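A.B. asks: protein_23.cif (mmCIF, C-alpha atoms and all ligand atoms) pasted underneath:
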```
data_final
loop_
_atom_site.label_atom_id
_atom_site.label_comp_id
_atom_site.auth_asym_id
_atom_site.auth_seq_id
_atom_site.Cartn_x
_atom_site.Cartn_y
_atom_site.Cartn_z
CA MET A 1 75.79 97.44 103.91
CA ALA A 2 79.42 96.84 104.65
CA THR A 3 80.61 94.13 102.30
CA THR A 4 83.87 93.04 100.76
CA SER A 5 82.21 90.74 98.25
CA LEU A 6 83.69 91.76 94.92
CA LYS A 7 80.47 90.91 93.17
CA LYS A 8 78.46 93.24 95.41
CA LEU A 9 81.08 95.96 95.27
CA SER A 10 81.13 95.80 91.47
CA GLU A 11 77.54 97.02 91.50
CA ARG A 12 78.70 100.26 93.11
CA GLU A 13 80.02 103.21 91.23
CA ASP A 14 83.78 103.45 90.82
CA LEU A 15 84.48 106.74 92.59
CA LEU A 16 87.73 107.18 90.65
CA SER A 17 87.33 107.29 86.88
CA GLY A 18 89.78 106.04 84.29
CA GLY A 19 91.47 108.49 81.97
CA HIS A 20 93.76 109.80 84.73
CA ALA A 21 97.46 110.19 84.12
CA ALA A 22 99.06 107.73 86.57
CA CYS A 23 101.85 105.61 85.11
CA PRO A 24 100.78 102.17 83.82
CA GLY A 25 100.74 99.76 86.75
CA CYS A 26 100.70 102.44 89.46
CA GLY A 27 99.80 100.95 92.85
CA GLY A 28 98.46 104.29 94.08
CA THR A 29 95.33 104.42 91.94
CA VAL A 30 94.55 100.77 92.81
CA ILE A 31 94.56 101.80 96.47
CA LEU A 32 92.36 104.86 95.88
CA ARG A 33 89.82 102.75 93.98
CA GLN A 34 89.66 100.07 96.64
CA VAL A 35 89.30 102.54 99.52
CA LEU A 36 86.62 104.58 97.74
CA LEU A 37 84.63 101.49 96.74
CA ALA A 38 84.69 100.21 100.31
CA ALA A 39 83.87 103.53 101.94
CA GLN A 40 80.49 103.84 100.20
CA GLN A 41 78.43 101.89 102.69
CA ASP A 42 75.40 102.48 104.88
CA ASP A 43 74.52 105.73 103.07
CA TYR A 44 77.87 107.35 103.74
CA HIS A 45 78.94 110.08 101.32
CA VAL A 46 82.68 110.42 100.92
CA VAL A 47 84.38 113.82 101.18
CA ALA A 48 88.12 113.77 100.63
CA SER A 49 91.24 115.87 100.78
CA ILE A 50 94.54 115.06 99.16
CA ALA A 51 98.09 116.26 99.63
CA THR A 52 100.22 117.35 96.71
CA GLY A 53 101.88 114.34 95.13
CA CYS A 54 101.42 111.84 92.32
CA MET A 55 97.87 110.84 93.21
CA GLU A 56 96.75 114.46 93.35
CA VAL A 57 98.60 115.50 90.21
CA VAL A 58 97.50 112.60 88.03
CA THR A 59 93.82 112.70 89.03
CA THR A 60 93.14 116.43 88.94
CA ILE A 61 94.57 117.84 85.75
CA TYR A 62 92.67 121.10 85.33
CA PRO A 63 89.94 121.46 84.16
CA ASN A 64 89.22 117.77 84.79
CA SER A 65 88.99 115.48 87.79
CA ALA A 66 88.89 111.71 88.05
CA TRP A 67 87.12 111.92 91.41
CA ARG A 68 83.38 111.34 91.69
CA VAL A 69 83.36 112.70 95.24
CA PRO A 70 84.01 116.22 96.52
CA LEU A 71 87.78 116.57 96.82
CA VAL A 72 89.92 119.37 98.22
CA HIS A 73 93.53 119.79 97.28
CA ASN A 74 95.10 122.46 99.43
CA ALA A 75 98.87 122.05 99.74
CA PHE A 76 101.55 119.47 100.29
CA GLU A 77 101.70 119.57 104.07
CA ASN A 78 98.11 119.97 105.19
CA SER A 79 95.80 117.23 103.92
CA ALA A 80 94.93 116.33 107.54
CA ALA A 81 94.44 119.97 108.58
CA THR A 82 92.21 120.60 105.55
CA ILE A 83 89.95 117.64 106.26
CA SER A 84 89.83 118.70 109.95
CA GLY A 85 88.27 121.97 108.86
CA ALA A 86 85.76 120.25 106.61
CA GLU A 87 84.82 117.82 109.37
CA ALA A 88 84.45 120.63 111.93
CA ALA A 89 82.20 122.56 109.52
CA TYR A 90 80.09 119.44 109.01
CA ARG A 91 79.64 118.98 112.76
CA SER A 92 78.57 122.60 113.04
CA LEU A 93 76.04 122.26 110.21
CA LYS A 94 74.65 119.14 111.84
CA ARG A 95 74.34 120.85 115.22
CA GLN A 96 72.45 123.69 113.58
CA GLY A 97 70.16 121.21 111.87
CA LYS A 98 71.24 122.38 108.43
CA TYR A 99 72.49 119.03 107.18
CA GLU A 100 71.29 115.51 107.82
CA GLY A 101 73.44 113.23 105.66
CA LYS A 102 76.22 110.91 106.80
CA VAL A 103 79.69 111.86 105.61
CA ALA A 104 82.87 109.79 105.71
CA PHE A 105 85.85 112.14 105.71
CA PHE A 106 89.01 110.82 104.10
CA ALA A 107 92.41 112.49 103.88
CA PHE A 108 94.91 111.05 101.43
CA GLY A 109 98.61 111.71 101.22
CA GLY A 110 101.79 110.19 99.85
CA ASP A 111 104.68 109.23 102.10
CA GLY A 112 106.40 112.57 101.57
CA GLY A 113 103.17 114.35 102.45
CA THR A 114 102.58 112.13 105.49
CA TYR A 115 105.82 110.80 107.01
CA ASP A 116 107.66 114.07 106.46
CA ILE A 117 106.13 117.41 105.53
CA GLY A 118 102.55 116.66 106.68
CA LEU A 119 103.49 114.88 109.91
CA GLN A 120 102.75 117.85 112.12
CA SER A 121 99.31 118.47 110.63
CA LEU A 122 98.54 114.74 110.80
CA SER A 123 99.58 114.59 114.45
CA GLY A 124 97.47 117.64 115.25
CA ALA A 125 94.37 116.25 113.57
CA LEU A 126 94.77 112.89 115.33
CA GLU A 127 95.26 114.55 118.70
CA ARG A 128 92.25 116.85 118.27
CA GLY A 129 90.14 113.77 117.64
CA HIS A 130 88.46 114.68 114.37
CA ASN A 131 86.20 112.01 112.94
CA PHE A 132 88.11 111.13 109.81
CA THR A 133 90.34 108.52 108.19
CA TYR A 134 93.81 109.27 106.95
CA VAL A 135 95.09 106.99 104.18
CA CYS A 136 98.79 107.20 103.39
CA TYR A 137 99.78 105.58 100.10
CA ASP A 138 103.40 104.84 100.76
CA ASN A 139 105.51 104.54 97.63
CA GLU A 140 108.62 105.14 99.68
CA ALA A 141 109.93 108.30 97.99
CA TYR A 142 108.92 111.68 96.58
CA MET A 143 107.89 110.18 93.25
CA ASN A 144 106.09 113.02 91.58
CA THR A 145 109.16 115.26 91.60
CA GLY A 146 111.53 112.51 90.47
CA ILE A 147 112.22 109.83 93.12
CA GLN A 148 113.78 111.84 95.95
CA ARG A 149 114.48 110.08 99.25
CA SER A 150 111.87 110.50 102.02
CA GLY A 151 111.57 109.37 105.62
CA ALA A 152 109.73 106.36 104.23
CA THR A 153 112.47 105.30 101.83
CA PRO A 154 113.93 102.03 103.09
CA LYS A 155 117.57 101.47 103.90
CA GLY A 156 119.65 100.69 100.81
CA ALA A 157 117.24 102.07 98.21
CA ASN A 158 118.64 104.06 95.31
CA THR A 159 116.98 107.47 94.91
CA THR A 160 118.00 110.60 93.06
CA THR A 161 118.96 112.39 96.29
CA ALA A 162 120.60 109.37 97.97
CA PRO A 163 122.03 107.73 94.89
CA ALA A 164 123.93 104.47 94.90
CA GLY A 165 127.39 104.81 93.44
CA LYS A 166 131.05 104.30 94.08
CA VAL A 167 130.94 105.89 97.53
CA GLU A 168 127.37 105.72 98.78
CA PRO A 169 125.21 102.57 98.89
CA GLY A 170 121.89 104.42 98.49
CA LYS A 171 119.99 105.53 101.57
CA ARG A 172 121.92 104.69 104.74
CA GLU A 173 119.16 105.40 107.23
CA CYS A 174 116.24 103.19 108.30
CA LYS A 175 112.66 103.72 107.19
CA LYS A 176 110.69 105.73 109.72
CA ASP A 177 108.02 103.60 111.43
CA LEU A 178 105.14 106.01 110.90
CA THR A 179 102.48 103.49 111.88
CA ALA A 180 104.13 103.23 115.30
CA ILE A 181 104.17 107.03 115.61
CA VAL A 182 100.47 107.12 114.80
CA ILE A 183 99.73 104.33 117.29
CA ALA A 184 101.35 106.48 119.97
CA HIS A 185 98.45 108.94 119.53
CA ASN A 186 96.12 106.31 121.01
CA ILE A 187 93.57 106.65 118.23
CA PRO A 188 90.73 104.11 118.04
CA TYR A 189 91.80 102.45 114.78
CA CYS A 190 95.09 102.15 112.95
CA ALA A 191 96.23 99.62 110.33
CA GLN A 192 98.78 98.66 107.73
CA ALA A 193 97.45 97.24 104.49
CA SER A 194 98.40 96.49 100.91
CA PRO A 195 96.54 96.47 97.59
CA HIS A 196 97.38 92.81 96.82
CA GLN A 197 94.88 91.85 99.54
CA PRO A 198 91.91 93.96 98.43
CA ARG A 199 89.45 92.42 100.86
CA ASP A 200 91.74 93.08 103.82
CA LEU A 201 92.36 96.67 102.72
CA MET A 202 88.66 97.30 102.05
CA LYS A 203 87.61 95.79 105.37
CA LYS A 204 90.02 98.15 107.07
CA ALA A 205 88.64 101.13 105.14
CA GLN A 206 85.13 100.09 106.20
CA LYS A 207 86.09 99.72 109.86
CA ALA A 208 87.71 103.15 109.72
CA THR A 209 84.62 104.67 108.10
CA VAL A 210 82.28 103.61 110.89
CA THR A 211 84.72 104.17 113.77
CA GLU A 212 84.09 107.42 115.64
CA GLY A 213 87.25 109.48 115.86
CA PRO A 214 90.51 109.58 113.94
CA CYS A 215 91.66 106.48 112.05
CA PHE A 216 94.79 105.84 110.06
CA ILE A 217 95.63 103.31 107.34
CA ASN A 218 99.15 103.05 105.97
CA VAL A 219 99.12 101.28 102.60
CA LEU A 220 102.17 100.08 100.71
CA SER A 221 102.01 101.48 97.18
CA PRO A 222 104.40 99.85 94.70
CA CYS A 223 105.62 102.34 92.10
CA PRO A 224 107.00 100.78 88.90
CA ARG A 225 108.70 104.02 87.91
CA GLY A 226 110.51 104.70 91.16
CA TRP A 227 111.15 101.15 92.31
CA ARG A 228 112.30 100.03 88.88
CA PHE A 229 110.18 97.02 88.01
CA PRO A 230 107.91 96.12 85.06
CA PRO A 231 104.38 97.52 85.50
CA ASP A 232 102.60 94.16 85.50
CA GLN A 233 104.42 93.16 88.71
CA THR A 234 102.90 95.75 91.06
CA ILE A 235 100.67 93.27 92.86
CA GLN A 236 103.24 90.48 93.06
CA ILE A 237 105.70 92.90 94.60
CA ALA A 238 103.15 93.96 97.20
CA GLN A 239 102.65 90.25 97.97
CA LEU A 240 106.42 89.81 98.36
CA ALA A 241 106.53 92.65 100.87
CA ALA A 242 104.02 90.76 103.02
CA ASP A 243 105.69 87.35 102.51
CA THR A 244 109.11 88.69 103.56
CA CYS A 245 107.56 90.65 106.48
CA VAL A 246 109.05 93.83 105.04
CA TRP A 247 105.49 95.23 105.15
CA PRO A 248 103.43 93.39 107.75
CA LEU A 249 99.65 93.63 107.55
CA TYR A 250 98.21 94.39 110.97
CA GLU A 251 95.68 96.52 112.79
CA ILE A 252 95.28 98.07 116.22
CA GLU A 253 91.72 98.37 117.43
CA ASN A 254 91.29 100.22 120.70
CA GLY A 255 94.86 99.48 121.67
CA LYS A 256 94.83 95.80 120.74
CA LEU A 257 97.14 94.67 117.97
CA THR A 258 96.25 91.87 115.56
CA ILE A 259 98.48 90.65 112.75
CA ASN A 260 96.25 89.98 109.75
CA TYR A 261 98.70 87.96 107.70
CA LYS A 262 101.43 85.60 108.85
CA PRO A 263 103.31 84.00 105.96
CA ARG A 264 103.43 80.23 106.29
CA GLU A 265 107.06 80.46 105.32
CA LYS A 266 108.74 83.84 105.88
CA LYS A 267 110.74 84.51 102.72
CA PRO A 268 114.27 85.93 102.90
CA VAL A 269 114.46 89.66 102.33
CA THR A 270 116.71 89.09 99.31
CA GLU A 271 113.62 87.98 97.35
CA TRP A 272 112.11 91.39 97.94
CA LEU A 273 115.35 93.24 97.19
CA LYS A 274 116.06 91.43 93.95
CA SER A 275 112.58 92.14 92.57
CA GLN A 276 113.35 95.84 92.17
CA GLY A 277 116.03 97.80 90.36
CA ARG A 278 116.33 100.34 93.18
CA PHE A 279 118.12 97.66 95.25
CA LYS A 280 120.27 96.24 92.43
CA HIS A 281 123.57 97.62 93.80
CA LEU A 282 123.00 95.81 97.12
CA PHE A 283 124.05 92.58 95.41
CA GLN A 284 127.59 93.85 94.86
CA PRO A 285 129.95 92.15 97.35
CA LYS A 286 130.85 95.47 99.03
CA ASN A 287 127.19 96.04 99.98
CA GLN A 288 126.52 92.54 101.33
CA TYR A 289 126.67 93.90 104.89
CA LEU A 290 123.63 96.11 104.14
CA VAL A 291 121.55 93.15 102.99
CA GLU A 292 122.36 91.49 106.33
CA GLU A 293 121.43 94.63 108.23
CA ILE A 294 118.15 94.90 106.34
CA GLN A 295 117.29 91.29 107.17
CA GLN A 296 118.09 91.93 110.85
CA ASP A 297 115.94 95.07 110.90
CA VAL A 298 113.00 93.21 109.34
CA ASP A 299 113.38 90.26 111.73
CA ALA A 300 113.58 92.52 114.78
CA ARG A 301 110.43 94.42 113.80
CA TRP A 302 108.52 91.24 113.03
CA ARG A 303 109.54 89.77 116.44
CA ARG A 304 108.36 92.93 118.18
CA LEU A 305 105.02 92.77 116.37
CA LEU A 306 104.51 89.12 117.30
CA ALA A 307 105.41 89.89 120.92
CA ARG A 308 103.03 92.84 121.07
CA GLU A 309 100.22 90.75 119.58
CA ALA A 310 100.82 88.01 122.16
CA ALA A 311 100.94 90.52 125.02
CA ASP A 312 97.76 92.28 123.85
CA SER A 313 95.86 89.00 123.61
CA GLU A 314 96.50 88.40 127.32
CA GLU A 315 95.22 91.81 128.39
CA PRO A 316 91.77 91.75 129.96
CA GLU A 317 89.12 93.12 127.59
CA MET B 1 72.61 124.24 102.80
CA ALA B 2 74.40 127.14 101.20
CA GLU B 3 73.85 127.56 97.46
CA LEU B 4 76.45 125.75 95.44
CA LEU B 5 78.31 127.74 92.84
CA LYS B 6 77.18 127.10 89.29
CA LYS B 7 79.84 125.74 87.01
CA ASP B 8 80.33 129.01 85.09
CA GLU B 9 80.50 131.00 88.34
CA MET B 10 83.50 129.07 89.53
CA LYS B 11 86.88 130.68 89.65
CA PRO B 12 89.91 128.95 88.18
CA GLY B 13 91.15 126.36 90.65
CA ALA B 14 87.80 124.70 91.24
CA ILE B 15 86.46 121.90 89.10
CA GLY B 16 82.67 121.83 89.05
CA GLU B 17 82.03 118.31 87.93
CA GLY B 18 83.53 115.00 89.04
CA GLY B 19 84.81 112.10 86.99
CA THR B 20 85.40 114.14 83.84
CA MET B 21 88.78 112.50 83.25
CA ALA B 22 86.69 109.55 82.00
CA ASN B 23 86.29 111.56 78.79
CA LEU B 24 90.02 111.49 78.18
CA TYR B 25 91.83 108.92 76.08
CA THR B 26 94.80 107.09 77.59
CA GLY B 27 94.52 104.01 75.38
CA SER B 28 97.29 105.35 73.16
CA TRP B 29 99.78 104.70 75.99
CA ARG B 30 99.53 100.96 75.40
CA THR B 31 102.35 98.84 74.05
CA TYR B 32 100.49 95.63 74.88
CA ARG B 33 96.76 94.98 74.76
CA PRO B 34 95.04 92.58 77.17
CA VAL B 35 93.06 89.97 75.27
CA LEU B 36 90.51 88.06 77.33
CA ASP B 37 89.47 84.48 76.68
CA MET B 38 85.86 84.56 77.87
CA GLU B 39 85.72 80.75 77.84
CA LYS B 40 88.41 80.54 80.48
CA CYS B 41 87.22 83.47 82.65
CA ILE B 42 85.70 82.40 85.99
CA HIS B 43 84.41 85.92 86.80
CA CYS B 44 86.33 86.11 90.08
CA LEU B 45 86.69 89.88 89.44
CA ARG B 46 90.28 89.99 90.68
CA CYS B 47 91.34 91.84 87.50
CA TRP B 48 88.61 94.39 88.15
CA ILE B 49 89.61 95.20 91.73
CA LEU B 50 93.32 95.41 90.84
CA CYS B 51 93.07 97.59 87.72
CA PRO B 52 94.79 100.98 88.23
CA ASP B 53 92.80 102.53 85.39
CA SER B 54 89.21 101.48 86.19
CA ALA B 55 89.30 99.86 82.76
CA VAL B 56 87.78 96.48 83.60
CA GLU B 57 84.05 96.58 83.14
CA ILE B 58 81.64 94.40 85.08
CA SER B 59 77.95 93.93 84.48
CA GLU B 60 75.75 91.91 86.83
CA GLY B 61 78.82 90.34 88.39
CA LYS B 62 80.23 89.25 85.02
CA ARG B 63 83.47 90.33 83.43
CA GLN B 64 82.93 92.36 80.25
CA GLU B 65 85.47 93.42 77.64
CA THR B 66 88.27 95.76 78.76
CA ASN B 67 87.69 99.46 78.19
CA LEU B 68 90.40 100.22 75.64
CA GLN B 69 89.83 103.95 75.89
CA HIS B 70 91.39 103.91 79.38
CA CYS B 71 93.52 100.74 79.49
CA LYS B 72 97.24 101.62 79.45
CA GLY B 73 98.32 98.02 78.97
CA CYS B 74 100.13 97.61 82.31
CA GLY B 75 99.41 93.88 82.32
CA ILE B 76 98.41 93.58 86.00
CA CYS B 77 95.18 91.81 84.94
CA ALA B 78 97.09 89.19 82.95
CA ALA B 79 99.65 88.68 85.73
CA GLU B 80 96.96 88.32 88.41
CA CYS B 81 94.32 86.26 86.61
CA PRO B 82 94.22 82.95 88.52
CA VAL B 83 93.26 80.92 85.43
CA GLY B 84 95.42 82.64 82.81
CA ALA B 85 92.46 83.93 80.82
CA ILE B 86 94.21 87.15 79.77
CA GLU B 87 97.04 87.38 77.31
CA MET B 88 99.03 90.52 76.55
CA LYS B 89 99.50 90.98 72.80
CA LEU B 90 101.61 93.60 71.06
CA GLU B 91 99.42 96.55 70.14
CA SER B 92 101.20 96.88 66.80
CA GLU B 93 99.71 93.54 65.73
CA PHE B 94 96.23 95.02 66.05
CA MET B 95 97.26 98.10 64.11
CA ARG B 96 98.35 95.86 61.29
CA GLU B 97 95.04 93.99 61.46
CA GLU B 98 93.01 97.18 61.51
CA GLN B 99 94.76 98.62 58.47
C1 LIG C 1 105.68 122.93 100.15
C2 LIG C 1 106.00 122.16 98.90
N1 LIG C 1 107.25 121.67 98.73
C3 LIG C 1 107.55 120.98 97.63
C4 LIG C 1 106.62 120.73 96.66
C5 LIG C 1 106.97 119.97 95.41
N2 LIG C 1 106.40 118.64 95.39
C6 LIG C 1 105.25 118.37 94.74
S1 LIG C 1 104.80 116.75 94.78
C7 LIG C 1 106.19 116.38 95.65
C8 LIG C 1 106.49 114.95 96.03
C9 LIG C 1 105.39 114.25 96.77
O1 LIG C 1 105.89 113.07 97.35
P1 LIG C 1 104.91 112.11 98.11
O2 LIG C 1 104.14 112.82 99.14
O3 LIG C 1 105.71 110.93 98.58
O4 LIG C 1 103.88 111.65 96.98
P2 LIG C 1 104.24 110.86 95.63
O5 LIG C 1 104.44 111.87 94.58
O6 LIG C 1 105.41 110.02 95.89
O7 LIG C 1 103.02 110.04 95.37
C10 LIG C 1 106.97 117.52 95.90
C11 LIG C 1 108.27 117.51 96.60
C12 LIG C 1 105.31 121.27 96.88
N3 LIG C 1 104.33 121.08 95.99
N4 LIG C 1 105.05 121.98 97.99
S1 LIG C 2 105.60 107.78 89.58
FE1 LIG C 2 104.92 105.97 90.73
S2 LIG C 2 103.36 106.74 92.17
FE2 LIG C 2 103.64 108.31 90.57
S3 LIG C 2 102.01 107.88 89.06
FE3 LIG C 2 103.92 106.82 88.40
S4 LIG C 2 103.76 104.74 89.27
FE4 LIG C 2 102.27 106.03 90.33
MG MG C 3 105.83 109.08 97.71
#
```
Any chance you could give the structure as structure tokens?
C.D. replies:
Amino acid sequence: MATTSLKKLSEREDLLSGGHAACPGCGGTVILRQVLLAAQQDDYHVVASIATGCMEVVTTIYPNSAWRVPLVHNAFENSAATISGAEAAYRSLKRQGKYEGKVAFFAFGGDGGTYDIGLQSLSGALERGHNFTYVCYDNEAYMNTGIQRSGATPKGANTTTAPAGKVEPGKRECKKDLTAIVIAHNIPYCAQASPHQPRDLMKKAQKATVTEGPCFINVLSPCPRGWRFPPDQTIQIAQLAADTCVWPLYEIENGKLTINYKPREKKPVTEWLKSQGRFKHLFQPKNQYLVEEIQQDVDARWRRLLAREAADSEEPE
Amino acid sequence: MAELLKKDEMKPGAIGEGGTMANLYTGSWRTYRPVLDMEKCIHCLRCWILCPDSAVEISEGKRQETNLQHCKGCGICAAECPVGAIEMKLESEFMREEQ
């Protein structure tokens, strides 16, 4: 049965074991655990693929694996293509009457593997309509190779390939809105989530599991190492992202957008920026203009989301 | 269904059994150890669902002791506990005690 009761879920098996090599306080493994706990419902068996990146590297150190489900790691750019093949094979086996079970196909990837190098294979799999769920854990840089800037890195962040210094203020460009790109594929279910709201994230994973066709969940994944904050603050930082509307929690079901969390009082983006060392340089007077730009970008996106939600609620069912 | 490969028939690159990282020891990464006050705990299970290392053990809906084989001492559980039932203590203090 689909449930987000922690008590009931705690009776299920953790499909990701401890003993893996993620940094202390990594948001990524929290996300994997929550998604895998939620996906085991109504006799579904999980089959997963994962792109190269921290979550793959830390959970599959040969000859061991932390995964208690079948997992394929193929390459960096093709988590979605790999799961497409598995899902197509499953449909064939079912048609031939060779397999009866229910399988929930999940593809995982980091932001590098999803926003950038795996975007084409993701787009292809969404367009072909495979019955699977793609979960991007977005830690906003190529962390596993040492904090390089990606399309998901936000404006102003310090990374090793867009460093903040005397001349440059960190990354100058805006974060790519991947969720919007995915929405443009007109898939049946798409959402943004965050590990600080486990029940919201798990509900989304459950909806995606039972939805026929391609689904996508973009999950913010605080990374103590790359974002420069103490490891016990992972969840508080995820909360701040939602409270400042830097990372809104919302879902689009059959074209209709719903915002799942509206902060009672929208916090200024400076609260988010000052919580992490990667934004430290933004508080120098010469970079003040960037803080203002970042606030304007966040406000504009939040206004657009609110407007879309209002417009969708007026559409006839 | 096609026959599955036996473990010793597998070629390098495939791992025949899941969850084997559970046999590994990451407890030595800790600088701080979470110490739980069972009297204060309300068994909301928030620490369990937010643990990156699957180190919080639950039995019949009740919080058990932390699995110190896997716990890396990140402190998320202590930071997120709504009633402050978990305190992070320097690991070196326990070493002194144990000696
Ligand atoms: C084709 C290819 N290019 C580069 C790499 C090196 N590489 C391995 S992991 C990684 C970073 C992954 O970044 P992301 O997808 O954001 O995941 P994260 O490590 O941040 O979790 C890179 C560049 C690779 N494995 N394959
Ligand atoms: S570098 Fe970041 S994403 Fe990678 S394991 Fe460490 S905390 Fe997790
Ligand atoms: Mg990344």
A.B. asks: Could you work out an axis-aligned bounding box for all listed atoms of ligand LIG 2 (chain C), with 3 Å added on each of the six sides, and give its centre and edge lengths in Å to one decimal, as lines of an AutoDock Vina configuration file?
C.D. replies:
```
center_x = 103.8
center_y = 106.5
center_z = 90.3
size_x = 9.6
size_y = 9.6
size_z = 9.8
```
A.B. asks: Quick check, in Å to one decimal: how far apart do CA of Ala81 (chain A) and CA of Thr133 (chain A) lie?
C.D. replies: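 Separation between CA of Ala81 (chain A) and CA of Thr133 (chain A): 12.2 Å.
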A.B. asks: Find the residues around Ala191 (chain A) up to 6 Å (only C-alpha atoms counted), leave out those fewer than 3 positions away in its own chain, and share them as a list of chain:residue names.
C.D. replies: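 Skipping anything fewer than 3 positions along the chain leaves A:Ile217, A:Tyr250, A:Glu251.
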A.B. asks: May I have the residues of chain B within 6 Å of chain A, counting only C-alpha atoms, written as a list in words?
C.D. replies: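 Taken together, these residues fit the definition: Gly18, Gly19, Thr20, Met21, Ala22, Leu24, Tyr25, Thr26, Leu50, Pro52, Asp53, Ser54, Gly61, His70, Lys72, Cys74, Gly75 and Ile76 of chain B.
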A.B. asks: Could those selected residues go to a file with C-alpha atoms, as an mmCIF file, in the coordinates of the input?
C.D. replies:
```
data_model
loop_
_atom_site.group_PDB
_atom_site.id
_atom_site.type_symbol
_atom_site.label_atom_id
_atom_site.label_comp_id
_atom_site.auth_asym_id
_atom_site.auth_seq_id
_atom_site.Cartn_x
_atom_site.Cartn_y
_atom_site.Cartn_z
ATOM 1 C CA GLY B 18 83.530 115.000 89.040
ATOM 2 C CA GLY B 19 84.810 112.100 86.990
ATOM 3 C CA THR B 20 85.400 114.140 83.840
ATOM 4 C CA MET B 21 88.780 112.500 83.250
ATOM 5 C CA ALA B 22 86.690 109.550 82.000
ATOM 6 C CA LEU B 24 90.020 111.490 78.180
ATOM 7 C CA TYR B 25 91.830 108.920 76.080
ATOM 8 C CA THR B 26 94.800 107.090 77.590
ATOM 9 C CA LEU B 50 93.320 95.410 90.840
ATOM 10 C CA PRO B 52 94.790 100.980 88.230
ATOM 11 C CA ASP B 53 92.800 102.530 85.390
ATOM 12 C CA SER B 54 89.210 101.480 86.190
ATOM 13 C CA GLY B 61 78.820 90.340 88.390
ATOM 14 C CA HIS B 70 91.390 103.910 79.380
ATOM 15 C CA LYS B 72 97.240 101.620 79.450
ATOM 16 C CA CYS B 74 100.130 97.610 82.310
ATOM 17 C CA GLY B 75 99.410 93.880 82.320
ATOM 18 C CA ILE B 76 98.410 93.580 86.000
#
```
A.B. asks: Could you name the residues that touch region 179-186 of chain A at 9 Å or less, counting all atoms listed in the file, but leaving out those on the same chain fewer than 5 positions away, as number ranges by chain?
C.D. replies: A: 122-123, 126-127, 191-192, 216-218, 252, 254-255
A.B. asks: Would you mind reading off the distance between atom FE1 of ligand LIG 2 (chain C) and CA of Pro224 (chain A), one decimal, in Å?
C.D. replies: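 These atoms are spaced 5.9 Å apart.
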A.B. asks: Give me the residues within 12 Å of Ala89 (chain A) as a ChimeraX atom specification, counting all atoms listed in the file and dropping any in the same chain fewer than 6 places off.
C.D. replies: /A:82-83,95-96,98-99,103,105,130-131 /B:1
A.B. asks: Would you write out those residues with C-alpha atoms, as an mmCIF file, in the coordinates of the input?
C.D. replies:
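Below is the file again_16.cif, written as the result:
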```cif
data_model
loop_
_atom_site.group_PDB
_atom_site.id
_atom_site.type_symbol
_atom_site.label_atom_id
_atom_site.label_comp_id
_atom_site.auth_asym_id
_atom_site.auth_seq_id
_atom_site.Cartn_x
_atom_site.Cartn_y
_atom_site.Cartn_z
ATOM 1 C CA THR A 82 92.210 120.600 105.550
ATOM 2 C CA ILE A 83 89.950 117.640 106.260
ATOM 3 C CA ARG A 95 74.340 120.850 115.220
ATOM 4 C CA GLN A 96 72.450 123.690 113.580
ATOM 5 C CA LYS A 98 71.240 122.380 108.430
ATOM 6 C CA TYR A 99 72.490 119.030 107.180
ATOM 7 C CA VAL A 103 79.690 111.860 105.610
ATOM 8 C CA PHE A 105 85.850 112.140 105.710
ATOM 9 C CA HIS A 130 88.460 114.680 114.370
ATOM 10 C CA ASN A 131 86.200 112.010 112.940
ATOM 11 C CA MET B 1 72.610 124.240 102.800
#
```
